[in-house]
>>> print(open('structure_18.txt').read())   # compact mmCIF, C-alpha atoms
# COMPACT_ATOMS: atom_id res chain seq x y z
CA MET W 102 -151.80 124.83 -56.44
CA PHE W 103 -149.21 127.27 -55.21
CA VAL W 104 -151.01 128.05 -51.96
CA GLN W 105 -151.08 124.36 -51.01
CA LYS W 106 -147.36 124.09 -51.71
CA LEU W 107 -146.72 127.16 -49.56
CA LYS W 108 -148.66 125.70 -46.63
CA GLU W 109 -146.73 122.44 -46.91
CA ARG W 110 -143.44 124.28 -46.82
CA ILE W 111 -144.54 126.33 -43.81
CA LYS W 112 -145.54 123.13 -42.00
CA ASN W 113 -142.35 121.30 -42.91
CA GLU W 114 -139.75 124.04 -42.65
CA SER W 115 -140.86 126.62 -40.12
CA ARG W 116 -140.20 126.72 -36.41
CA VAL W 117 -142.70 127.98 -33.84
CA ILE W 118 -141.19 129.65 -30.79
CA GLY W 119 -143.58 130.00 -27.87
CA THR W 120 -147.07 130.87 -29.06
CA SER W 121 -146.45 133.88 -31.27
CA ILE W 122 -143.17 133.67 -33.17
CA LEU W 123 -142.98 131.78 -36.46
CA LYS W 124 -139.53 131.49 -38.04
CA VAL W 125 -139.61 130.76 -41.75
CA ASP W 126 -135.91 131.20 -42.25
CA SER W 127 -135.43 128.63 -45.01
CA PHE W 128 -137.36 130.52 -47.69
CA LEU W 129 -138.65 133.83 -46.34
CA ASN W 130 -136.83 135.59 -43.50
CA HIS W 131 -133.19 134.67 -43.84
CA GLN W 132 -132.80 132.49 -46.91
CA ILE W 133 -134.83 133.18 -50.06
CA ASP W 134 -135.86 130.60 -52.63
CA PRO W 135 -135.95 132.90 -55.68
CA ARG W 136 -138.22 130.75 -57.87
CA PHE W 137 -140.64 130.12 -55.04
CA THR W 138 -140.65 133.85 -54.24
CA MET W 139 -141.50 134.60 -57.89
CA GLU W 140 -144.54 132.34 -57.52
CA MET W 141 -145.59 134.22 -54.38
CA GLY W 142 -145.40 137.45 -56.34
CA LYS W 143 -147.47 136.07 -59.22
CA GLU W 144 -150.10 134.76 -56.81
CA ILE W 145 -150.37 138.09 -54.95
CA ALA W 146 -150.52 140.01 -58.25
CA SER W 147 -153.33 137.74 -59.50
CA ARG W 148 -155.44 138.61 -56.45
CA PHE W 149 -155.38 142.27 -57.45
CA ALA W 150 -155.89 141.92 -61.21
CA GLY W 151 -157.86 144.83 -62.66
CA GLU W 152 -156.92 147.19 -59.83
CA GLU W 153 -154.61 149.22 -62.08
CA ILE W 154 -151.85 149.26 -59.50
CA THR W 155 -149.02 151.67 -60.26
CA ARG W 156 -146.68 150.97 -57.32
CA VAL W 157 -145.90 148.28 -54.79
CA LEU W 158 -144.93 149.44 -51.29
CA THR W 159 -143.13 147.35 -48.67
CA VAL W 160 -140.79 147.96 -45.74
CA GLU W 161 -137.22 146.78 -45.43
CA ALA W 162 -135.92 144.13 -45.09
CA SER W 163 -137.68 140.78 -45.43
CA GLY W 164 -140.62 142.16 -47.44
CA ILE W 165 -138.34 143.26 -50.27
CA ALA W 166 -137.98 139.94 -52.14
CA VAL W 167 -141.71 139.16 -52.34
CA ALA W 168 -142.50 142.81 -53.12
CA MET W 169 -140.04 142.73 -55.99
CA ALA W 170 -141.60 139.51 -57.33
CA THR W 171 -145.04 141.13 -57.11
CA GLY W 172 -143.84 144.32 -58.82
CA LEU W 173 -142.31 142.24 -61.59
CA ALA W 174 -145.58 140.34 -62.10
CA LEU W 175 -147.53 143.62 -62.18
CA GLY W 176 -144.92 145.49 -64.23
CA VAL W 177 -144.66 148.37 -61.75
CA PRO W 178 -141.93 149.85 -59.52
CA VAL W 179 -141.46 148.76 -55.93
CA VAL W 180 -140.79 151.24 -53.13
CA PHE W 181 -139.40 150.05 -49.84
CA ALA W 182 -139.99 152.20 -46.78
CA LYS W 183 -136.75 152.72 -44.90
CA LYS W 184 -136.30 152.31 -41.20
CA GLY W 185 -134.76 154.96 -39.00
CA ARG W 186 -135.05 158.69 -39.02
CA ALA W 187 -135.38 160.35 -42.40
CA SER W 188 -132.16 162.25 -43.02
CA THR W 189 -134.11 165.11 -44.54
CA GLN W 190 -137.23 165.78 -42.47
CA ASN W 191 -138.70 168.02 -45.11
CA ALA W 192 -142.23 168.30 -46.39
CA GLY W 193 -141.52 165.75 -49.11
CA VAL W 194 -141.01 162.81 -46.74
CA TYR W 195 -143.86 160.67 -45.41
CA SER W 196 -143.26 158.84 -42.15
CA ALA W 197 -144.87 156.70 -39.47
CA GLN W 198 -143.91 154.98 -36.24
CA ILE W 199 -144.31 151.23 -35.92
CA TYR W 200 -144.03 149.12 -32.81
CA TYR W 201 -142.34 145.72 -33.03
CA PHE W 202 -143.83 143.44 -30.39
CA THR W 203 -141.09 140.83 -30.80
CA ARG W 204 -138.29 143.28 -30.12
CA ARG W 205 -140.39 145.60 -27.91
CA GLU W 206 -139.22 148.69 -29.70
CA SER W 207 -140.66 151.45 -31.77
CA VAL W 208 -139.09 152.22 -35.13
CA GLY W 209 -139.67 155.06 -37.56
CA ILE W 210 -140.26 154.27 -41.23
CA PHE W 211 -140.23 156.77 -44.07
CA VAL W 212 -140.77 157.11 -47.80
CA SER W 213 -139.64 159.93 -50.04
CA GLY W 214 -142.49 161.82 -51.65
CA ARG W 215 -140.72 161.43 -54.99
CA PHE W 216 -141.79 157.78 -55.12
CA LEU W 217 -145.40 157.99 -53.93
CA ARG W 218 -147.51 160.46 -55.89
CA PRO W 219 -151.17 161.37 -55.33
CA GLU W 220 -152.02 159.76 -58.70
CA ASP W 221 -150.61 156.38 -57.61
CA THR W 222 -152.66 153.29 -56.85
CA VAL W 223 -150.63 151.37 -54.29
CA LEU W 224 -150.49 147.71 -53.35
CA ILE W 225 -148.79 147.11 -50.00
CA VAL W 226 -146.88 143.81 -49.81
CA ASP W 227 -145.23 142.21 -46.81
CA ASP W 228 -144.03 138.81 -45.68
CA PHE W 229 -145.97 138.67 -42.41
CA LEU W 230 -149.14 140.12 -40.92
CA ALA W 231 -149.27 139.73 -37.13
CA HIS W 232 -150.44 142.68 -35.00
CA GLY W 233 -150.57 144.85 -38.08
CA GLU W 234 -148.09 147.42 -36.83
CA ALA W 235 -145.89 147.55 -39.93
CA LEU W 236 -148.92 147.48 -42.21
CA GLY W 237 -150.64 150.22 -40.21
CA GLY W 238 -147.55 152.39 -40.66
CA MET W 239 -147.51 151.77 -44.40
CA VAL W 240 -151.26 152.47 -44.68
CA GLU W 241 -150.63 155.78 -42.89
CA ILE W 242 -147.85 156.66 -45.34
CA VAL W 243 -150.08 155.85 -48.35
CA SER W 244 -152.72 158.09 -46.82
CA GLN W 245 -150.24 160.94 -46.18
CA ALA W 246 -149.15 160.71 -49.82
CA GLY W 247 -152.76 160.96 -50.98
CA CYS W 248 -152.56 157.72 -53.00
CA ARG W 249 -155.36 155.25 -53.56
CA LEU W 250 -154.76 152.02 -51.61
CA ALA W 251 -155.71 148.98 -53.71
CA GLY W 252 -155.09 146.62 -50.80
CA VAL W 253 -152.54 144.49 -49.05
CA GLY W 254 -150.87 141.24 -50.14
CA ILE W 255 -149.31 139.10 -47.42
CA VAL W 256 -147.45 135.80 -47.53
CA ILE W 257 -148.30 134.58 -44.01
CA GLU W 258 -151.01 136.02 -41.77
CA LYS W 259 -151.07 135.05 -38.11
CA VAL W 260 -154.80 135.55 -37.73
CA PHE W 261 -154.81 135.08 -33.94
CA GLN W 262 -152.71 138.22 -33.44
CA GLY W 263 -155.55 140.41 -34.67
CA GLY W 264 -153.82 142.74 -37.12
CA GLY W 265 -155.82 141.46 -40.09
CA GLU W 266 -159.16 141.88 -38.30
CA LYS W 267 -158.29 145.44 -37.27
CA LEU W 268 -157.24 146.50 -40.77
CA ARG W 269 -160.09 144.72 -42.56
CA GLY W 270 -162.37 146.58 -40.12
CA GLN W 271 -161.06 149.78 -41.68
CA GLY W 272 -162.28 148.55 -45.08
CA ILE W 273 -158.88 147.47 -46.38
CA LYS W 274 -158.77 144.49 -48.74
CA ILE W 275 -156.17 142.04 -47.46
CA GLU W 276 -155.14 138.91 -49.32
CA SER W 277 -153.02 136.45 -47.34
CA LEU W 278 -151.57 133.46 -49.18
CA ALA W 279 -151.47 131.40 -45.97
CA ALA W 280 -153.52 132.31 -42.89
CA ILE W 281 -152.64 130.63 -39.61
CA LYS W 282 -155.54 130.25 -37.17
CA GLU W 283 -153.48 128.88 -34.32
CA MET W 284 -150.08 127.38 -33.77
CA SER W 285 -147.91 125.71 -31.18
CA GLU W 286 -144.49 124.09 -31.24
CA GLU W 287 -146.19 120.85 -32.31
CA HIS W 288 -148.80 122.01 -34.76
CA ILE W 289 -149.78 124.74 -37.22
CA GLN W 290 -153.49 125.09 -37.99
CA PHE W 291 -154.38 127.02 -41.15
CA LEU W 292 -157.72 128.76 -41.62
CA MET L 257 -125.70 146.80 -73.68
CA PHE L 258 -127.00 146.60 -70.16
CA VAL L 259 -123.93 148.11 -68.55
CA GLN L 260 -124.17 151.19 -70.76
CA LYS L 261 -127.85 151.58 -69.85
CA LEU L 262 -126.97 151.28 -66.17
CA LYS L 263 -124.33 154.01 -66.42
CA GLU L 264 -126.78 156.29 -68.21
CA ARG L 265 -129.35 155.80 -65.47
CA ILE L 266 -126.76 156.46 -62.77
CA LYS L 267 -125.75 159.68 -64.55
CA ASN L 268 -129.32 160.82 -65.10
CA GLU L 269 -131.03 159.73 -61.91
CA SER L 270 -128.54 159.70 -59.05
CA ARG L 271 -127.60 162.48 -56.71
CA VAL L 272 -124.09 163.07 -55.39
CA ILE L 273 -123.91 164.52 -51.88
CA GLY L 274 -120.52 166.00 -51.00
CA THR L 275 -117.72 163.89 -52.41
CA SER L 276 -118.57 160.42 -51.15
CA ILE L 277 -122.34 159.78 -51.01
CA LEU L 278 -124.18 158.63 -54.11
CA LYS L 279 -127.96 158.31 -53.81
CA VAL L 280 -129.52 156.04 -56.40
CA ASP L 281 -132.96 156.09 -54.87
CA SER L 282 -134.98 155.82 -58.07
CA PHE L 283 -133.96 152.26 -58.92
CA LEU L 284 -131.64 150.85 -56.27
CA ASN L 285 -131.79 152.14 -52.69
CA HIS L 286 -135.36 153.19 -52.10
CA GLN L 287 -137.35 152.42 -55.22
CA ILE L 288 -136.67 149.28 -57.24
CA ASP L 289 -137.27 148.85 -60.96
CA PRO L 290 -137.97 145.10 -60.97
CA ARG L 291 -137.23 144.44 -64.66
CA PHE L 292 -134.04 146.48 -64.55
CA THR L 293 -133.01 144.65 -61.37
CA MET L 294 -133.56 141.31 -63.15
CA GLU L 295 -131.13 142.47 -65.83
CA MET L 296 -128.56 143.37 -63.15
CA GLY L 297 -128.92 139.86 -61.76
CA LYS L 298 -128.45 138.24 -65.18
CA GLU L 299 -125.40 140.37 -65.88
CA ILE L 300 -123.78 139.52 -62.52
CA ALA L 301 -124.60 135.81 -62.98
CA SER L 302 -123.00 135.83 -66.45
CA ARG L 303 -119.73 137.13 -64.99
CA PHE L 304 -119.48 134.01 -62.83
CA ALA L 305 -120.59 131.38 -65.34
CA GLY L 306 -118.86 128.04 -64.77
CA GLU L 307 -118.11 128.78 -61.12
CA GLU L 308 -120.70 126.22 -59.92
CA ILE L 309 -122.12 128.63 -57.38
CA THR L 310 -124.52 127.05 -54.88
CA ARG L 311 -125.55 130.11 -52.86
CA VAL L 312 -125.75 133.87 -53.15
CA LEU L 313 -125.00 135.88 -50.00
CA THR L 314 -125.98 139.50 -49.40
CA VAL L 315 -126.77 141.71 -46.40
CA GLU L 316 -130.10 143.38 -45.66
CA ALA L 317 -131.60 145.61 -46.91
CA SER L 318 -130.83 147.19 -50.27
CA GLY L 319 -128.74 144.27 -51.53
CA ILE L 320 -131.69 141.90 -51.35
CA ALA L 321 -133.39 142.74 -54.66
CA VAL L 322 -130.28 142.39 -56.84
CA ALA L 323 -129.19 139.29 -54.91
CA MET L 324 -132.57 137.71 -55.55
CA ALA L 325 -132.32 138.51 -59.26
CA THR L 326 -128.84 136.96 -59.33
CA GLY L 327 -130.00 133.88 -57.44
CA LEU L 328 -132.87 133.47 -59.87
CA ALA L 329 -130.50 133.71 -62.85
CA LEU L 330 -128.15 131.14 -61.27
CA GLY L 331 -130.97 128.91 -59.97
CA VAL L 332 -129.64 128.93 -56.39
CA PRO L 333 -130.92 130.12 -52.98
CA VAL L 334 -130.10 133.58 -51.63
CA VAL L 335 -129.11 134.15 -48.02
CA PHE L 336 -129.25 137.61 -46.55
CA ALA L 337 -127.11 138.34 -43.51
CA LYS L 338 -129.15 140.01 -40.81
CA LYS L 339 -128.14 143.08 -38.91
CA GLY L 340 -128.14 143.28 -35.15
CA ARG L 341 -127.13 140.80 -32.54
CA ALA L 342 -127.89 137.16 -33.28
CA SER L 343 -130.66 136.10 -30.90
CA THR L 344 -128.99 132.74 -30.40
CA GLN L 345 -125.25 133.22 -30.04
CA ASN L 346 -124.56 129.54 -30.43
CA ALA L 347 -121.84 127.75 -32.36
CA GLY L 348 -124.06 127.54 -35.44
CA VAL L 349 -124.14 131.28 -36.09
CA TYR L 350 -121.47 133.11 -38.08
CA SER L 351 -121.05 136.81 -37.42
CA ALA L 352 -118.93 139.86 -38.19
CA GLN L 353 -118.82 143.55 -37.31
CA ILE L 354 -119.05 146.12 -40.06
CA TYR L 355 -118.45 149.84 -39.81
CA TYR L 356 -120.70 152.22 -41.74
CA PHE L 357 -118.74 155.36 -42.59
CA THR L 358 -121.86 157.27 -43.63
CA ARG L 359 -123.62 156.73 -40.31
CA ARG L 360 -120.42 156.44 -38.27
CA GLU L 361 -121.58 153.34 -36.48
CA SER L 362 -120.60 149.74 -36.16
CA VAL L 363 -123.24 147.07 -36.81
CA GLY L 364 -123.14 143.33 -36.26
CA ILE L 365 -124.24 141.02 -39.08
CA PHE L 366 -124.92 137.33 -38.77
CA VAL L 367 -125.87 134.25 -40.79
CA SER L 368 -127.23 130.99 -39.48
CA GLY L 369 -124.98 128.03 -40.11
CA ARG L 370 -127.97 126.17 -41.51
CA PHE L 371 -127.75 128.25 -44.69
CA LEU L 372 -124.02 128.28 -45.32
CA ARG L 373 -122.43 124.83 -45.44
CA PRO L 374 -118.76 123.96 -45.93
CA GLU L 375 -119.65 122.35 -49.28
CA ASP L 376 -121.13 125.63 -50.61
CA THR L 377 -119.57 127.81 -53.29
CA VAL L 378 -120.74 131.33 -52.49
CA LEU L 379 -121.17 134.43 -54.62
CA ILE L 380 -121.47 137.61 -52.55
CA VAL L 381 -123.74 140.25 -54.12
CA ASP L 382 -124.33 143.81 -52.99
CA ASP L 383 -125.60 147.09 -54.39
CA PHE L 384 -122.56 149.21 -53.49
CA LEU L 385 -118.87 148.77 -52.88
CA ALA L 386 -117.29 151.76 -51.16
CA HIS L 387 -114.83 151.22 -48.31
CA GLY L 388 -115.54 147.49 -48.44
CA GLU L 389 -116.75 147.23 -44.86
CA ALA L 390 -119.97 145.28 -45.57
CA LEU L 391 -118.16 143.06 -48.08
CA GLY L 392 -115.31 142.44 -45.66
CA GLY L 393 -117.85 141.27 -43.07
CA MET L 394 -119.48 138.93 -45.56
CA VAL L 395 -116.12 137.56 -46.69
CA GLU L 396 -115.32 136.85 -43.05
CA ILE L 397 -118.63 135.00 -42.61
CA VAL L 398 -117.99 132.90 -45.74
CA SER L 399 -114.58 132.05 -44.31
CA GLN L 400 -116.01 131.14 -40.87
CA ALA L 401 -118.49 128.83 -42.60
CA GLY L 402 -115.68 127.12 -44.50
CA CYS L 403 -117.28 127.78 -47.89
CA ARG L 404 -115.46 128.44 -51.14
CA LEU L 405 -115.83 132.08 -52.22
CA ALA L 406 -116.40 132.34 -55.98
CA GLY L 407 -116.26 136.13 -55.87
CA VAL L 408 -118.25 139.29 -55.46
CA GLY L 409 -120.81 140.90 -57.77
CA ILE L 410 -121.51 144.62 -57.25
CA VAL L 411 -123.84 147.04 -58.99
CA ILE L 412 -121.90 150.25 -58.31
CA GLU L 413 -118.31 150.44 -57.12
CA LYS L 414 -116.97 153.74 -55.87
CA VAL L 415 -113.37 152.99 -56.79
CA PHE L 416 -111.94 156.09 -55.07
CA GLN L 417 -113.02 154.80 -51.64
CA GLY L 418 -110.55 151.95 -51.86
CA GLY L 419 -112.63 148.94 -50.77
CA GLY L 420 -112.28 147.21 -54.12
CA GLU L 421 -108.49 147.63 -54.19
CA LYS L 422 -108.19 146.24 -50.66
CA LEU L 423 -110.33 143.17 -51.35
CA ARG L 424 -108.81 142.47 -54.78
CA GLY L 425 -105.46 142.62 -52.99
CA GLN L 426 -106.64 139.64 -50.97
CA GLY L 427 -107.15 137.71 -54.21
CA ILE L 428 -110.92 138.10 -54.35
CA LYS L 429 -112.52 138.32 -57.78
CA ILE L 430 -114.80 141.36 -57.84
CA GLU L 431 -117.08 142.21 -60.76
CA SER L 432 -118.64 145.67 -60.65
CA LEU L 433 -121.27 146.54 -63.27
CA ALA L 434 -120.46 150.26 -62.99
CA ALA L 435 -117.22 151.54 -61.46
CA ILE L 436 -117.00 155.21 -60.56
CA LYS L 437 -113.51 156.68 -60.68
CA GLU L 438 -114.46 160.07 -59.30
CA MET L 439 -117.57 162.12 -58.75
CA SER L 440 -118.80 165.51 -57.69
CA GLU L 441 -122.20 167.18 -57.53
CA GLU L 442 -121.73 168.17 -61.20
CA HIS L 443 -120.14 165.11 -62.72
CA ILE L 444 -119.73 161.34 -62.44
CA GLN L 445 -116.65 159.84 -64.09
CA PHE L 446 -116.76 156.09 -64.75
CA LEU L 447 -113.62 153.98 -65.07
>>> encode(input="structure_18.txt", output="structure tokens")
Amino acid sequence: MFVQKLKERIKNESRVIGTSILKVDSFLNHQIDPRFTMEMGKEIASRFAGEEITRVLTVEASGIAVAMATGLALGVPVVFAKKGRASTQNAGVYSAQIYYFTRRESVGIFVSGRFLRPEDTVLIVDDFLAHGEALGGMVEIVSQAGCRLAGVGIVIEKVFQGGGEKLRGQGIKIESLAAIKEMSEEHIQFL
Amino acid sequence: MFVQKLKERIKNESRVIGTSILKVDSFLNHQIDPRFTMEMGKEIASRFAGEEITRVLTVEASGIAVAMATGLALGVPVVFAKKGRASTQNAGVYSAQIYYFTRRESVGIFVSGRFLRPEDTVLIVDDFLAHGEALGGMVEIVSQAGCRLAGVGIVIEKVFQGGGEKLRGQGIKIESLAAIKEMSEEHIQFL
């Protein structure tokens, strides 16, 4: 099973810093294992079979590889929200502010209206779900664009940081390949 | 032929702003066409057959998709240099400064020494080659890490901005899938 393999790799290769930061640099956040990433994409796509997804949405940078693998499995384009201020703040640009707890800073993200149309059914994909800030921003952009949101596919959810609970409470379907209940520098406990 | 198809798409879908900015948002810099990106990766990989590449290096964000496709075709891991200041400025981190002409700002990029080893043969992959700033930074990082540089694979080279000439002058093998000799808002002239 892919999910079991993913959990093993998280246990063996990741590094926990303090109580909230999980570094998965060897295959997710700094180095990418392309074949393994393709399996992540297939697994996420399989969780949303029958949803008639027309576009995958992620945010730069470390969501791009898994979003591309998911888009390939679904046969649809991938849009990555860009960070920073939109160069053309016209009516055709959707944007949101997201707060990064790790870096303690707020960042704008934006998507051109040319790549999210009201007739789209969107699957949001990201590497991590923690406080749900990045996801919340992407959900807002999907809503601004008037698209249908099929749901959210995540590689690693840090359940204890509450983002998943908050977003599921809004009726959003979230599929996390690996959900971490608690973690310390010595131990990672999956749900 | 893939390269011909790529040039057609650049002609039909990109937007030239002024004399130096080329926006290829529909399949490269904002939206990704996953199947088309896989073909880019295969094409780049084929140009370096026999080089015994062990790692692909790119820089976040828009190089990631094509680097992943190239890594998949070559069967090797992909490392993406991160932007910003390395959180741990220890001896195991390689870094360089790159200047972005478009945004008129200098940005630090860094790679952990865990993912570039002296025994590696590295292929650098990026979406664009313009003034060669980002590439120069990556070349410097490969050199700091003591790796062998097999060469550079680029999707679109803007020849008239001189980065390619400068880097080829240093003896670096650069393969660009589409090389633009000159462009204006009305016309794109390939080499």
>>> residues_around(input="structure_18.txt", residues="W:Val157", least_positions_apart="2", cutoff="9 Å", atoms="all atoms listed in the file", output="PyMOL selection string")
chain W and resi 154-155+159+168-169+171-172+175+177-181+222-226
>>> closest_residue(input="structure_18.txt", among="W:Leu123, W:Ala162, W:Ile145, W:Ala235", to="chain L", atoms="only C-alpha atoms")
W:Ala162
>>> closest_atom_pairs(input="structure_18.txt", of="chain L", to="chain W", cutoff="12 Å", atoms="only C-alpha atoms", output="tab-separated table")
residue	atom	partner	partner_atom	distance
L:Asp281	CA	W:Phe216	CA	9.0
L:Ser282	CA	W:Phe216	CA	7.7
L:Phe283	CA	W:Pro178	CA	8.3
L:Leu284	CA	W:Val180	CA	9.7
L:Asn285	CA	W:Phe181	CA	8.4
L:His286	CA	W:Phe181	CA	5.6
L:Gln287	CA	W:Val180	CA	4.2
L:Ile288	CA	W:Val179	CA	5.0
L:Asp289	CA	W:Pro178	CA	5.0
L:Pro290	CA	W:Leu173	CA	5.2
L:Arg291	CA	W:Leu173	CA	6.3
L:Phe292	CA	W:Leu173	CA	9.8
L:Thr293	CA	W:Met169	CA	9.1
L:Met294	CA	W:Leu173	CA	8.9
L:Glu295	CA	W:Leu173	CA	12.0
L:Gly297	CA	W:Pro135	CA	11.6
L:Arg311	CA	W:Gln132	CA	9.7
L:Val312	CA	W:Gln132	CA	9.5
L:Leu313	CA	W:Gln132	CA	9.0
L:Thr314	CA	W:Gln132	CA	10.1
L:Val315	CA	W:Ala162	CA	9.6
L:Glu316	CA	W:Ala162	CA	5.9
L:Ala317	CA	W:Ala162	CA	4.9
L:Ser318	CA	W:Ala162	CA	7.9
L:Gly319	CA	W:Ala162	CA	9.6
L:Ile320	CA	W:Ala166	CA	6.6
L:Ala321	CA	W:Ala166	CA	5.9
L:Val322	CA	W:Ala166	CA	9.3
L:Ala323	CA	W:Ala166	CA	9.2
L:Met324	CA	W:Pro135	CA	5.9
L:Ala325	CA	W:Pro135	CA	7.6
L:Thr326	CA	W:Pro135	CA	9.0
L:Gly327	CA	W:Pro135	CA	6.3
L:Leu328	CA	W:Pro135	CA	5.2
L:Ala329	CA	W:Pro135	CA	9.0
L:Leu330	CA	W:Pro135	CA	9.8
L:Gly331	CA	W:Pro135	CA	7.7
L:Val332	CA	W:Asp134	CA	7.5
L:Pro333	CA	W:Asp134	CA	5.0
L:Val334	CA	W:Ile133	CA	5.0
L:Val335	CA	W:Gln132	CA	4.2
L:Phe336	CA	W:His131	CA	5.6
L:Ala337	CA	W:His131	CA	7.1
L:Lys338	CA	W:His131	CA	7.3
L:Lys339	CA	W:Ala162	CA	10.0
L:Gly340	CA	W:Arg204	CA	11.3
L:Arg341	CA	W:Arg204	CA	11.7
L:Ser343	CA	W:Arg204	CA	10.5
L:Thr358	CA	W:Ser188	CA	11.5
L:Arg359	CA	W:Ser188	CA	10.5
L:Ile365	CA	W:His131	CA	12.0
L:Phe366	CA	W:His131	CA	10.1
L:Val367	CA	W:His131	CA	7.9
L:Ser368	CA	W:His131	CA	8.3
L:Gly369	CA	W:His131	CA	11.2
L:Arg370	CA	W:Ser127	CA	8.6
L:Phe371	CA	W:Gln132	CA	7.0
L:Leu372	CA	W:Gln132	CA	9.9
>>> atom_distance(input="structure_18.txt", atom1="atom CA of W:Leu230", atom2="atom CA of W:Glu258")
4.6 Å
>>> atom_distance(input="structure_18.txt", atom1="atom CA of W:Leu236", atom2="atom CA of W:Ser147")
20.3 Å
>>> residues_around(input="structure_18.txt", residues="L:Met439", least_positions_apart="2", cutoff="9 Å", atoms="all atoms listed in the file", output="list in words")
Val272, Thr275, Ser276, Leu278, Lys414, Ile436, Lys437, Glu441, Glu442, His443, Ile444, Gln445 and Phe446 of chain L
>>> atom_distance(input="structure_18.txt", atom1="atom CA of L:Lys263", atom2="atom CA of L:Gly418")
20.2 Å
>>> residues_around(input="structure_18.txt", residues="W:Gly237", least_positions_apart="2", cutoff="9 Å", atoms="all atoms listed in the file", output="ChimeraX atom specification")
/W:197,199,233-235,239-242,264,268
>>> write_last_selection(input="structure_18.txt", atoms="C-alpha atoms", output="compact mmCIF listing (two decimals), in the coordinates of the input")
# COMPACT_ATOMS: atom_id res chain seq x y z
CA ALA W 197 -144.87 156.70 -39.47
CA ILE W 199 -144.31 151.23 -35.92
CA GLY W 233 -150.57 144.85 -38.08
CA GLU W 234 -148.09 147.42 -36.83
CA ALA W 235 -145.89 147.55 -39.93
CA MET W 239 -147.51 151.77 -44.40
CA VAL W 240 -151.26 152.47 -44.68
CA GLU W 241 -150.63 155.78 -42.89
CA ILE W 242 -147.85 156.66 -45.34
CA GLY W 264 -153.82 142.74 -37.12
CA LEU W 268 -157.24 146.50 -40.77
>>> closest_residue(input="structure_18.txt", among="W:Asp227, W:His232, W:Ala280, W:Asp221", to="W:Glu153", atoms="all atoms listed in the file")
W:Asp221
